[in-house]
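What's in work-v3.json: JSON, N, CA and C atoms
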```json
[["chain", "number", "residue", "atom", "x", "y", "z"],
["A", 1, "MET", "N", 0.81, -1.18, 0.00],
["A", 1, "MET", "CA", 0.00, 0.00, 0.00],
["A", 1, "MET", "C", 0.86, 1.25, 0.00],
["A", 2, "LYS", "N", 1.92, 1.21, 0.80],
["A", 2, "LYS", "CA", 2.78, 2.39, 0.86],
["A", 2, "LYS", "C", 3.37, 2.70, -0.51],
["A", 3, "ARG", "N", 3.86, 1.66, -1.17],
["A", 3, "ARG", "CA", 4.46, 1.87, -2.49],
["A", 3, "ARG", "C", 3.43, 2.36, -3.49],
["A", 4, "THR", "N", 2.21, 1.85, -3.40],
["A", 4, "THR", "CA", 1.16, 2.24, -4.33],
["A", 4, "THR", "C", 0.77, 3.70, -4.15],
["A", 5, "SER", "N", 0.64, 4.14, -2.91],
["A", 5, "SER", "CA", 0.22, 5.51, -2.65],
["A", 5, "SER", "C", 1.36, 6.51, -2.80],
["A", 6, "GLY", "N", 2.60, 6.02, -2.81],
["A", 6, "GLY", "CA", 3.75, 6.90, -3.01],
["A", 6, "GLY", "C", 4.15, 7.64, -1.75],
["A", 7, "GLY", "N", 3.58, 7.33, -0.63],
["A", 7, "GLY", "CA", 3.90, 8.02, 0.61],
["A", 7, "GLY", "C", 4.73, 7.15, 1.53],
["A", 8, "LYS", "N", 5.17, 7.75, 2.64],
["A", 8, "LYS", "CA", 5.94, 7.00, 3.62],
["A", 8, "LYS", "C", 5.03, 6.22, 4.56],
["A", 9, "SER", "N", 3.78, 6.62, 4.63],
["A", 9, "SER", "CA", 2.84, 5.89, 5.47],
["A", 9, "SER", "C", 1.53, 5.72, 4.72],
["A", 10, "VAL", "N", 0.68, 4.88, 5.26],
["A", 10, "VAL", "CA", -0.60, 4.61, 4.62],
["A", 10, "VAL", "C", -1.63, 5.66, 5.02],
["A", 11, "SER", "N", -1.31, 6.53, 5.97],
["A", 11, "SER", "CA", -2.28, 7.52, 6.44],
["A", 11, "SER", "C", -2.75, 8.43, 5.30],
["A", 12, "SER", "N", -1.86, 8.79, 4.38],
["A", 12, "SER", "CA", -2.29, 9.63, 3.25],
["A", 12, "SER", "C", -3.26, 8.87, 2.35],
["A", 13, "PHE", "N", -3.02, 7.57, 2.18],
["A", 13, "PHE", "CA", -3.93, 6.74, 1.41],
["A", 13, "PHE", "C", -5.29, 6.68, 2.09],
["A", 14, "ASN", "N", -5.28, 6.46, 3.41],
["A", 14, "ASN", "CA", -6.53, 6.39, 4.17],
["A", 14, "ASN", "C", -7.32, 7.70, 4.06],
["A", 15, "LYS", "N", -6.64, 8.81, 4.14],
["A", 15, "LYS", "CA", -7.32, 10.11, 4.06],
["A", 15, "LYS", "C", -7.94, 10.33, 2.68],
["A", 16, "LYS", "N", -7.24, 9.91, 1.64],
["A", 16, "LYS", "CA", -7.74, 10.11, 0.28],
["A", 16, "LYS", "C", -8.96, 9.24, -0.02],
["A", 17, "PHE", "N", -8.96, 8.02, 0.51],
["A", 17, "PHE", "CA", -9.99, 7.05, 0.12],
["A", 17, "PHE", "C", -10.99, 6.71, 1.24],
["A", 18, "GLU", "N", -10.93, 7.41, 2.39],
["A", 18, "GLU", "CA", -11.85, 7.08, 3.47],
["A", 18, "GLU", "C", -13.30, 7.35, 3.10],
["A", 19, "GLU", "N", -13.51, 8.20, 2.12],
["A", 19, "GLU", "CA", -14.86, 8.48, 1.63],
["A", 19, "GLU", "C", -15.45, 7.28, 0.89],
["A", 20, "TYR", "N", -14.60, 6.48, 0.26],
["A", 20, "TYR", "CA", -15.04, 5.37, -0.56],
["A", 20, "TYR", "C", -14.92, 4.01, 0.11],
["A", 21, "LEU", "N", -14.08, 3.89, 1.14],
["A", 21, "LEU", "CA", -13.80, 2.61, 1.77],
["A", 21, "LEU", "C", -14.30, 2.57, 3.21],
["A", 22, "ASP", "N", -14.61, 1.40, 3.67],
["A", 22, "ASP", "CA", -14.92, 1.16, 5.07],
["A", 22, "ASP", "C", -13.64, 0.61, 5.69],
["A", 23, "ILE", "N", -12.93, 1.43, 6.47],
["A", 23, "ILE", "CA", -11.62, 1.06, 7.02],
["A", 23, "ILE", "C", -11.78, 0.72, 8.49],
["A", 24, "LYS", "N", -11.41, -0.52, 8.85],
["A", 24, "LYS", "CA", -11.51, -0.96, 10.24],
["A", 24, "LYS", "C", -10.12, -1.35, 10.74],
["A", 25, "PRO", "N", -9.63, -0.68, 11.78],
["A", 25, "PRO", "CA", -8.30, -1.04, 12.31],
["A", 25, "PRO", "C", -8.38, -2.26, 13.22],
["A", 26, "TYR", "N", -7.29, -2.99, 13.25],
["A", 26, "TYR", "CA", -7.12, -4.08, 14.21],
["A", 26, "TYR", "C", -5.66, -4.12, 14.61],
["A", 27, "PHE", "N", -5.35, -4.77, 15.71],
["A", 27, "PHE", "CA", -4.00, -4.78, 16.23],
["A", 27, "PHE", "C", -3.45, -6.20, 16.27],
["A", 28, "VAL", "N", -2.15, -6.35, 15.93],
["A", 28, "VAL", "CA", -1.47, -7.63, 15.91],
["A", 28, "VAL", "C", -0.35, -7.59, 16.95],
["A", 29, "ASP", "N", -0.30, -8.59, 17.79],
["A", 29, "ASP", "CA", 0.76, -8.67, 18.80],
["A", 29, "ASP", "C", 1.95, -9.39, 18.19],
["A", 30, "ASN", "N", 2.99, -8.64, 17.83],
["A", 30, "ASN", "CA", 4.19, -9.21, 17.22],
["A", 30, "ASN", "C", 5.31, -9.42, 18.24],
["A", 31, "GLY", "N", 5.00, -9.25, 19.51],
["A", 31, "GLY", "CA", 6.02, -9.41, 20.53],
["A", 31, "GLY", "C", 6.72, -8.11, 20.88],
["A", 32, "PHE", "N", 6.37, -7.01, 20.20],
["A", 32, "PHE", "CA", 6.93, -5.71, 20.53],
["A", 32, "PHE", "C", 6.20, -5.12, 21.73],
["A", 33, "TYR", "N", 6.72, -4.03, 22.26],
["A", 33, "TYR", "CA", 6.10, -3.39, 23.42],
["A", 33, "TYR", "C", 4.69, -2.93, 23.08],
["A", 34, "TYR", "N", 4.52, -2.32, 21.89],
["A", 34, "TYR", "CA", 3.20, -1.89, 21.43],
["A", 34, "TYR", "C", 2.74, -2.80, 20.29],
["A", 35, "PRO", "N", 1.47, -3.20, 20.28],
["A", 35, "PRO", "CA", 0.97, -4.02, 19.17],
["A", 35, "PRO", "C", 0.99, -3.23, 17.85],
["A", 36, "THR", "N", 1.16, -3.94, 16.75],
["A", 36, "THR", "CA", 1.19, -3.33, 15.43],
["A", 36, "THR", "C", -0.23, -3.09, 14.96],
["A", 37, "ARG", "N", -0.49, -1.89, 14.46],
["A", 37, "ARG", "CA", -1.82, -1.57, 13.96],
["A", 37, "ARG", "C", -1.89, -1.88, 12.47],
["A", 38, "ARG", "N", -2.95, -2.56, 12.07],
["A", 38, "ARG", "CA", -3.19, -2.86, 10.66],
["A", 38, "ARG", "C", -4.63, -2.49, 10.35],
["A", 39, "ASN", "N", -4.96, -2.42, 9.08],
["A", 39, "ASN", "CA", -6.31, -2.05, 8.66],
["A", 39, "ASN", "C", -6.91, -3.12, 7.77],
["A", 40, "ILE", "N", -8.22, -3.27, 7.88],
["A", 40, "ILE", "CA", -9.00, -4.08, 6.95],
["A", 40, "ILE", "C", -9.77, -3.10, 6.07],
["A", 41, "TYR", "N", -9.62, -3.23, 4.76],
["A", 41, "TYR", "CA", -10.29, -2.34, 3.82],
["A", 41, "TYR", "C", -11.45, -3.08, 3.18],
["A", 42, "HIS", "N", -12.64, -2.53, 3.29],
["A", 42, "HIS", "CA", -13.83, -3.13, 2.71],
["A", 42, "HIS", "C", -14.44, -2.13, 1.74],
["A", 43, "ILE", "N", -14.75, -2.59, 0.55],
["A", 43, "ILE", "CA", -15.39, -1.73, -0.45],
["A", 43, "ILE", "C", -16.89, -1.96, -0.34],
["A", 44, "PRO", "N", -17.62, -0.97, 0.17],
["A", 44, "PRO", "CA", -19.08, -1.16, 0.30],
["A", 44, "PRO", "C", -19.76, -1.10, -1.06],
["A", 45, "ALA", "N", -20.95, -1.67, -1.12],
["A", 45, "ALA", "CA", -21.73, -1.63, -2.37],
["A", 45, "ALA", "C", -22.13, -0.19, -2.67],
["A", 46, "MET", "N", -22.09, 0.16, -3.94],
["A", 46, "MET", "CA", -22.44, 1.52, -4.33],
["A", 46, "MET", "C", -23.94, 1.76, -4.16],
["A", 47, "GLU", "N", -24.72, 0.77, -4.46],
["A", 47, "GLU", "CA", -26.17, 0.85, -4.28],
["A", 47, "GLU", "C", -26.61, -0.43, -3.59],
["A", 48, "GLU", "N", -27.74, -0.38, -2.91],
["A", 48, "GLU", "CA", -28.17, -1.54, -2.15],
["A", 48, "GLU", "C", -28.52, -2.73, -3.03],
["A", 49, "GLN", "N", -28.97, -2.51, -4.23],
["A", 49, "GLN", "CA", -29.36, -3.60, -5.12],
["A", 49, "GLN", "C", -28.19, -4.12, -5.95],
["A", 50, "CYS", "N", -27.00, -3.58, -5.75],
["A", 50, "CYS", "CA", -25.82, -4.00, -6.51],
["A", 50, "CYS", "C", -24.99, -4.97, -5.68],
["A", 51, "ILE", "N", -24.27, -5.84, -6.35],
["A", 51, "ILE", "CA", -23.35, -6.76, -5.70],
["A", 51, "ILE", "C", -21.98, -6.63, -6.36],
["A", 52, "THR", "N", -20.96, -7.07, -5.68],
["A", 52, "THR", "CA", -19.61, -7.09, -6.23],
["A", 52, "THR", "C", -19.26, -8.55, -6.53],
["A", 53, "ILE", "N", -18.88, -8.82, -7.77],
["A", 53, "ILE", "CA", -18.55, -10.18, -8.19],
["A", 53, "ILE", "C", -17.04, -10.28, -8.34],
["A", 54, "SER", "N", -16.49, -11.34, -7.80],
["A", 54, "SER", "CA", -15.06, -11.58, -7.90],
["A", 54, "SER", "C", -14.67, -11.84, -9.35],
["A", 55, "ASN", "N", -13.48, -11.40, -9.73],
["A", 55, "ASN", "CA", -13.01, -11.67, -11.08],
["A", 55, "ASN", "C", -12.80, -13.17, -11.30],
["A", 56, "LYS", "N", -12.54, -13.92, -10.24],
["A", 56, "LYS", "CA", -12.39, -15.37, -10.37],
["A", 56, "LYS", "C", -13.73, -16.02, -10.72],
["A", 57, "PHE", "N", -14.82, -15.51, -10.13],
["A", 57, "PHE", "CA", -16.14, -16.03, -10.46],
["A", 57, "PHE", "C", -16.50, -15.68, -11.90],
["A", 58, "ALA", "N", -16.11, -14.51, -12.35],
["A", 58, "ALA", "CA", -16.42, -14.09, -13.72],
["A", 58, "ALA", "C", -15.66, -14.94, -14.75],
["A", 59, "LEU", "N", -14.50, -15.48, -14.39],
["A", 59, "LEU", "CA", -13.70, -16.28, -15.32],
["A", 59, "LEU", "C", -14.17, -17.72, -15.44],
["A", 60, "ILE", "N", -15.03, -18.18, -14.53],
["A", 60, "ILE", "CA", -15.54, -19.55, -14.60],
["A", 60, "ILE", "C", -16.46, -19.66, -15.81],
["A", 61, "GLU", "N", -16.23, -20.68, -16.61],
["A", 61, "GLU", "CA", -17.01, -20.84, -17.84],
["A", 61, "GLU", "C", -18.30, -21.61, -17.56],
["A", 62, "LEU", "N", -19.36, -20.87, -17.30],
["A", 62, "LEU", "CA", -20.70, -21.42, -17.09],
["A", 62, "LEU", "C", -21.69, -20.55, -17.85],
["A", 63, "ASP", "N", -22.85, -21.10, -18.12],
["A", 63, "ASP", "CA", -23.91, -20.30, -18.75],
["A", 63, "ASP", "C", -24.31, -19.17, -17.81],
["A", 64, "ALA", "N", -24.79, -18.09, -18.39],
["A", 64, "ALA", "CA", -25.21, -16.94, -17.59],
["A", 64, "ALA", "C", -26.35, -17.31, -16.65],
["A", 65, "ALA", "N", -27.24, -18.21, -17.07],
["A", 65, "ALA", "CA", -28.36, -18.61, -16.22],
["A", 65, "ALA", "C", -27.86, -19.34, -14.97],
["A", 66, "ILE", "N", -26.83, -20.16, -15.11],
["A", 66, "ILE", "CA", -26.28, -20.90, -13.97],
["A", 66, "ILE", "C", -25.57, -19.94, -13.03],
["A", 67, "LYS", "N", -24.80, -19.01, -13.58],
["A", 67, "LYS", "CA", -24.15, -18.01, -12.73],
["A", 67, "LYS", "C", -25.20, -17.17, -12.00],
["A", 68, "GLY", "N", -26.26, -16.83, -12.70],
["A", 68, "GLY", "CA", -27.34, -16.07, -12.07],
["A", 68, "GLY", "C", -27.98, -16.84, -10.93],
["A", 69, "PHE", "N", -28.14, -18.16, -11.10],
["A", 69, "PHE", "CA", -28.69, -18.99, -10.04],
["A", 69, "PHE", "C", -27.81, -18.95, -8.80],
["A", 70, "PHE", "N", -26.49, -19.09, -8.99],
["A", 70, "PHE", "CA", -25.57, -19.04, -7.85],
["A", 70, "PHE", "C", -25.59, -17.67, -7.17],
["A", 71, "ILE", "N", -25.65, -16.62, -7.94],
["A", 71, "ILE", "CA", -25.72, -15.27, -7.38],
["A", 71, "ILE", "C", -26.98, -15.13, -6.54],
["A", 72, "ASN", "N", -28.10, -15.61, -7.04],
["A", 72, "ASN", "CA", -29.35, -15.54, -6.28],
["A", 72, "ASN", "C", -29.26, -16.36, -5.00],
["A", 73, "CYS", "N", -28.59, -17.50, -5.04],
["A", 73, "CYS", "CA", -28.44, -18.32, -3.83],
["A", 73, "CYS", "C", -27.65, -17.58, -2.75],
["A", 74, "PHE", "N", -26.62, -16.84, -3.15],
["A", 74, "PHE", "CA", -25.83, -16.10, -2.17],
["A", 74, "PHE", "C", -26.54, -14.82, -1.73],
["A", 75, "TYR", "N", -27.22, -14.17, -2.66],
["A", 75, "TYR", "CA", -27.87, -12.90, -2.34],
["A", 75, "TYR", "C", -29.14, -13.12, -1.54],
["A", 76, "TYR", "N", -29.86, -14.19, -1.83],
["A", 76, "TYR", "CA", -31.09, -14.54, -1.11],
["A", 76, "TYR", "C", -30.91, -15.94, -0.50],
["A", 77, "PRO", "N", -30.21, -16.07, 0.63],
["A", 77, "PRO", "CA", -29.88, -17.40, 1.16],
["A", 77, "PRO", "C", -31.10, -18.19, 1.62],
["A", 78, "ASN", "N", -32.23, -17.54, 1.91],
["A", 78, "ASN", "CA", -33.43, -18.25, 2.39],
["A", 78, "ASN", "C", -34.38, -18.59, 1.25],
["A", 79, "MET", "N", -33.90, -18.46, 0.01],
["A", 79, "MET", "CA", -34.73, -18.72, -1.16],
["A", 79, "MET", "C", -35.06, -20.22, -1.25],
["A", 80, "ALA", "N", -36.33, -20.51, -1.56],
["A", 80, "ALA", "CA", -36.73, -21.90, -1.73],
["A", 80, "ALA", "C", -36.33, -22.37, -3.12],
["A", 81, "ILE", "N", -35.72, -23.55, -3.19],
["A", 81, "ILE", "CA", -35.27, -24.08, -4.47],
["A", 81, "ILE", "C", -36.25, -25.10, -4.98]]
```

Encoding of this model in structure tokens:
Amino acid sequence: MKRTSGGKSVSSFNKKFEEYLDIKPYFVDNGFYYPTRRNIYHIPAMEEQCITISNKFALIELDAAIKGFFINCFYYPNMAI
């Protein structure tokens, strides 16, 4: 992240993209006096009816109807089959 943002720390990246990302900090105990702080970056849906599909799922060679069925199963887990 540091190399991508071109800064010495990720704080400039966080400030630029905090409007678009859901950033949650967590701490890792590496044996140092103070725990190391890290962040989890989550990209929220732009609209409530939209979903984000992994590029790996898009590369699977299946008919669009079958992919749509799987998407509905994940989006509506209580759907009767």

Report task. For Phe27 (chain A), list every protein, DNA or RNA residue within 12 Å, evaluated using only C-alpha atoms, and leave out those in the same chain fewer than 3 positions away; present the list as a list in words. Result -> Lys24, Asn30, Gly31, Phe32, Tyr34, Pro35, Thr36, Arg37, Arg38, Asn39 and Ile40 of chain A

Query - Spatial neighbours of Ile53 (chain A), max dist 12 Å, only C-alpha atoms, sep filter under 5 positions, as a list of chain:residue names - result: A:Ile43, A:Ala45, A:Ala58, A:Leu59, A:Ile60, A:Lys67, A:Gly68, A:Phe70, A:Ile71, A:Phe74, A:Tyr75

Prev. selection, N, CA and C atoms, output as a JSON list (two decimals), in the frame of the given file:
```json
[["chain", "number", "residue", "atom", "x", "y", "z"],
["A", 43, "ILE", "N", -14.75, -2.59, 0.55],
["A", 43, "ILE", "CA", -15.39, -1.73, -0.45],
["A", 43, "ILE", "C", -16.89, -1.96, -0.34],
["A", 45, "ALA", "N", -20.95, -1.67, -1.12],
["A", 45, "ALA", "CA", -21.73, -1.63, -2.37],
["A", 45, "ALA", "C", -22.13, -0.19, -2.67],
["A", 58, "ALA", "N", -16.11, -14.51, -12.35],
["A", 58, "ALA", "CA", -16.42, -14.09, -13.72],
["A", 58, "ALA", "C", -15.66, -14.94, -14.75],
["A", 59, "LEU", "N", -14.50, -15.48, -14.39],
["A", 59, "LEU", "CA", -13.70, -16.28, -15.32],
["A", 59, "LEU", "C", -14.17, -17.72, -15.44],
["A", 60, "ILE", "N", -15.03, -18.18, -14.53],
["A", 60, "ILE", "CA", -15.54, -19.55, -14.60],
["A", 60, "ILE", "C", -16.46, -19.66, -15.81],
["A", 67, "LYS", "N", -24.80, -19.01, -13.58],
["A", 67, "LYS", "CA", -24.15, -18.01, -12.73],
["A", 67, "LYS", "C", -25.20, -17.17, -12.00],
["A", 68, "GLY", "N", -26.26, -16.83, -12.70],
["A", 68, "GLY", "CA", -27.34, -16.07, -12.07],
["A", 68, "GLY", "C", -27.98, -16.84, -10.93],
["A", 70, "PHE", "N", -26.49, -19.09, -8.99],
["A", 70, "PHE", "CA", -25.57, -19.04, -7.85],
["A", 70, "PHE", "C", -25.59, -17.67, -7.17],
["A", 71, "ILE", "N", -25.65, -16.62, -7.94],
["A", 71, "ILE", "CA", -25.72, -15.27, -7.38],
["A", 71, "ILE", "C", -26.98, -15.13, -6.54],
["A", 74, "PHE", "N", -26.62, -16.84, -3.15],
["A", 74, "PHE", "CA", -25.83, -16.10, -2.17],
["A", 74, "PHE", "C", -26.54, -14.82, -1.73],
["A", 75, "TYR", "N", -27.22, -14.17, -2.66],
["A", 75, "TYR", "CA", -27.87, -12.90, -2.34],
["A", 75, "TYR", "C", -29.14, -13.12, -1.54]]
```

**Report entry** Point-to-point distance in Å for atom N of Cys73 (chain A) and CA of Cys50 (chain A)
**Finding:** 13.9 Å

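Interatomic distance, atom N of Phe69 (chain A) to CA of Pro44 (chain A): 22.4 Å.
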
Set up a box along x, y and z of the file covering all listed atoms of region 48-52 of chain A, add 5 Å on every one of the six sides, and write the centre and edge lengths in Å to one decimal, as JSON.
```
{"center_x": -24.3, "center_y": -4.5, "center_z": -4.3, "size_x": 20.1, "size_y": 18.2, "size_z": 14.4}
```

How would region 16-44 of chain A of the given structure read as a file with N, CA, C and O atoms, as a JSON list (two decimals), in the first residue's frame?
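out.json, written as the output of this step:
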```json
[["chain", "number", "residue", "atom", "x", "y", "z"],
["A", 16, "LYS", "N", -7.24, 9.91, 1.64],
["A", 16, "LYS", "CA", -7.74, 10.11, 0.28],
["A", 16, "LYS", "C", -8.96, 9.24, -0.02],
["A", 16, "LYS", "O", -9.87, 9.66, -0.72],
["A", 17, "PHE", "N", -8.96, 8.02, 0.51],
["A", 17, "PHE", "CA", -9.99, 7.05, 0.12],
["A", 17, "PHE", "C", -10.99, 6.71, 1.24],
["A", 17, "PHE", "O", -11.82, 5.83, 1.05],
["A", 18, "GLU", "N", -10.93, 7.41, 2.39],
["A", 18, "GLU", "CA", -11.85, 7.08, 3.47],
["A", 18, "GLU", "C", -13.30, 7.35, 3.10],
["A", 18, "GLU", "O", -14.21, 6.74, 3.65],
["A", 19, "GLU", "N", -13.51, 8.20, 2.12],
["A", 19, "GLU", "CA", -14.86, 8.48, 1.63],
["A", 19, "GLU", "C", -15.45, 7.28, 0.89],
["A", 19, "GLU", "O", -16.65, 7.05, 0.91],
["A", 20, "TYR", "N", -14.60, 6.48, 0.26],
["A", 20, "TYR", "CA", -15.04, 5.37, -0.56],
["A", 20, "TYR", "C", -14.92, 4.01, 0.11],
["A", 20, "TYR", "O", -15.52, 3.05, -0.33],
["A", 21, "LEU", "N", -14.08, 3.89, 1.14],
["A", 21, "LEU", "CA", -13.80, 2.61, 1.77],
["A", 21, "LEU", "C", -14.30, 2.57, 3.21],
["A", 21, "LEU", "O", -14.37, 3.60, 3.88],
["A", 22, "ASP", "N", -14.61, 1.40, 3.67],
["A", 22, "ASP", "CA", -14.92, 1.16, 5.07],
["A", 22, "ASP", "C", -13.64, 0.61, 5.69],
["A", 22, "ASP", "O", -13.26, -0.54, 5.43],
["A", 23, "ILE", "N", -12.93, 1.43, 6.47],
["A", 23, "ILE", "CA", -11.62, 1.06, 7.02],
["A", 23, "ILE", "C", -11.78, 0.72, 8.49],
["A", 23, "ILE", "O", -12.23, 1.55, 9.28],
["A", 24, "LYS", "N", -11.41, -0.52, 8.85],
["A", 24, "LYS", "CA", -11.51, -0.96, 10.24],
["A", 24, "LYS", "C", -10.12, -1.35, 10.74],
["A", 24, "LYS", "O", -9.49, -2.24, 10.18],
["A", 25, "PRO", "N", -9.63, -0.68, 11.78],
["A", 25, "PRO", "CA", -8.30, -1.04, 12.31],
["A", 25, "PRO", "C", -8.38, -2.26, 13.22],
["A", 25, "PRO", "O", -9.40, -2.53, 13.85],
["A", 26, "TYR", "N", -7.29, -2.99, 13.25],
["A", 26, "TYR", "CA", -7.12, -4.08, 14.21],
["A", 26, "TYR", "C", -5.66, -4.12, 14.61],
["A", 26, "TYR", "O", -4.80, -3.52, 13.96],
["A", 27, "PHE", "N", -5.35, -4.77, 15.71],
["A", 27, "PHE", "CA", -4.00, -4.78, 16.23],
["A", 27, "PHE", "C", -3.45, -6.20, 16.27],
["A", 27, "PHE", "O", -4.16, -7.15, 16.58],
["A", 28, "VAL", "N", -2.15, -6.35, 15.93],
["A", 28, "VAL", "CA", -1.47, -7.63, 15.91],
["A", 28, "VAL", "C", -0.35, -7.59, 16.95],
["A", 28, "VAL", "O", 0.43, -6.65, 16.97],
["A", 29, "ASP", "N", -0.30, -8.59, 17.79],
["A", 29, "ASP", "CA", 0.76, -8.67, 18.80],
["A", 29, "ASP", "C", 1.95, -9.39, 18.19],
["A", 29, "ASP", "O", 1.93, -10.61, 18.00],
["A", 30, "ASN", "N", 2.99, -8.64, 17.83],
["A", 30, "ASN", "CA", 4.19, -9.21, 17.22],
["A", 30, "ASN", "C", 5.31, -9.42, 18.24],
["A", 30, "ASN", "O", 6.44, -9.68, 17.88],
["A", 31, "GLY", "N", 5.00, -9.25, 19.51],
["A", 31, "GLY", "CA", 6.02, -9.41, 20.53],
["A", 31, "GLY", "C", 6.72, -8.11, 20.88],
["A", 31, "GLY", "O", 7.58, -8.09, 21.76],
["A", 32, "PHE", "N", 6.37, -7.01, 20.20],
["A", 32, "PHE", "CA", 6.93, -5.71, 20.53],
["A", 32, "PHE", "C", 6.20, -5.12, 21.73],
["A", 32, "PHE", "O", 5.17, -5.65, 22.17],
["A", 33, "TYR", "N", 6.72, -4.03, 22.26],
["A", 33, "TYR", "CA", 6.10, -3.39, 23.42],
["A", 33, "TYR", "C", 4.69, -2.93, 23.08],
["A", 33, "TYR", "O", 3.76, -3.10, 23.87],
["A", 34, "TYR", "N", 4.52, -2.32, 21.89],
["A", 34, "TYR", "CA", 3.20, -1.89, 21.43],
["A", 34, "TYR", "C", 2.74, -2.80, 20.29],
["A", 34, "TYR", "O", 3.53, -3.14, 19.43],
["A", 35, "PRO", "N", 1.47, -3.20, 20.28],
["A", 35, "PRO", "CA", 0.97, -4.02, 19.17],
["A", 35, "PRO", "C", 0.99, -3.23, 17.85],
["A", 35, "PRO", "O", 0.86, -2.01, 17.84],
["A", 36, "THR", "N", 1.16, -3.94, 16.75],
["A", 36, "THR", "CA", 1.19, -3.33, 15.43],
["A", 36, "THR", "C", -0.23, -3.09, 14.96],
["A", 36, "THR", "O", -1.07, -3.98, 15.02],
["A", 37, "ARG", "N", -0.49, -1.89, 14.46],
["A", 37, "ARG", "CA", -1.82, -1.57, 13.96],
["A", 37, "ARG", "C", -1.89, -1.88, 12.47],
["A", 37, "ARG", "O", -1.02, -1.50, 11.70],
["A", 38, "ARG", "N", -2.95, -2.56, 12.07],
["A", 38, "ARG", "CA", -3.19, -2.86, 10.66],
["A", 38, "ARG", "C", -4.63, -2.49, 10.35],
["A", 38, "ARG", "O", -5.43, -2.29, 11.26],
["A", 39, "ASN", "N", -4.96, -2.42, 9.08],
["A", 39, "ASN", "CA", -6.31, -2.05, 8.66],
["A", 39, "ASN", "C", -6.91, -3.12, 7.77],
["A", 39, "ASN", "O", -6.22, -3.76, 6.99],
["A", 40, "ILE", "N", -8.22, -3.27, 7.88],
["A", 40, "ILE", "CA", -9.00, -4.08, 6.95],
["A", 40, "ILE", "C", -9.77, -3.10, 6.07],
["A", 40, "ILE", "O", -10.46, -2.22, 6.58],
["A", 41, "TYR", "N", -9.62, -3.23, 4.76],
["A", 41, "TYR", "CA", -10.29, -2.34, 3.82],
["A", 41, "TYR", "C", -11.45, -3.08, 3.18],
["A", 41, "TYR", "O", -11.27, -4.15, 2.60],
["A", 42, "HIS", "N", -12.64, -2.53, 3.29],
["A", 42, "HIS", "CA", -13.83, -3.13, 2.71],
["A", 42, "HIS", "C", -14.44, -2.13, 1.74],
["A", 42, "HIS", "O", -14.61, -0.96, 2.08],
["A", 43, "ILE", "N", -14.75, -2.59, 0.55],
["A", 43, "ILE", "CA", -15.39, -1.73, -0.45],
["A", 43, "ILE", "C", -16.89, -1.96, -0.34],
["A", 43, "ILE", "O", -17.38, -3.03, -0.69],
["A", 44, "PRO", "N", -17.62, -0.97, 0.17],
["A", 44, "PRO", "CA", -19.08, -1.16, 0.30],
["A", 44, "PRO", "C", -19.76, -1.10, -1.06],
["A", 44, "PRO", "O", -19.22, -0.55, -2.02]]
```
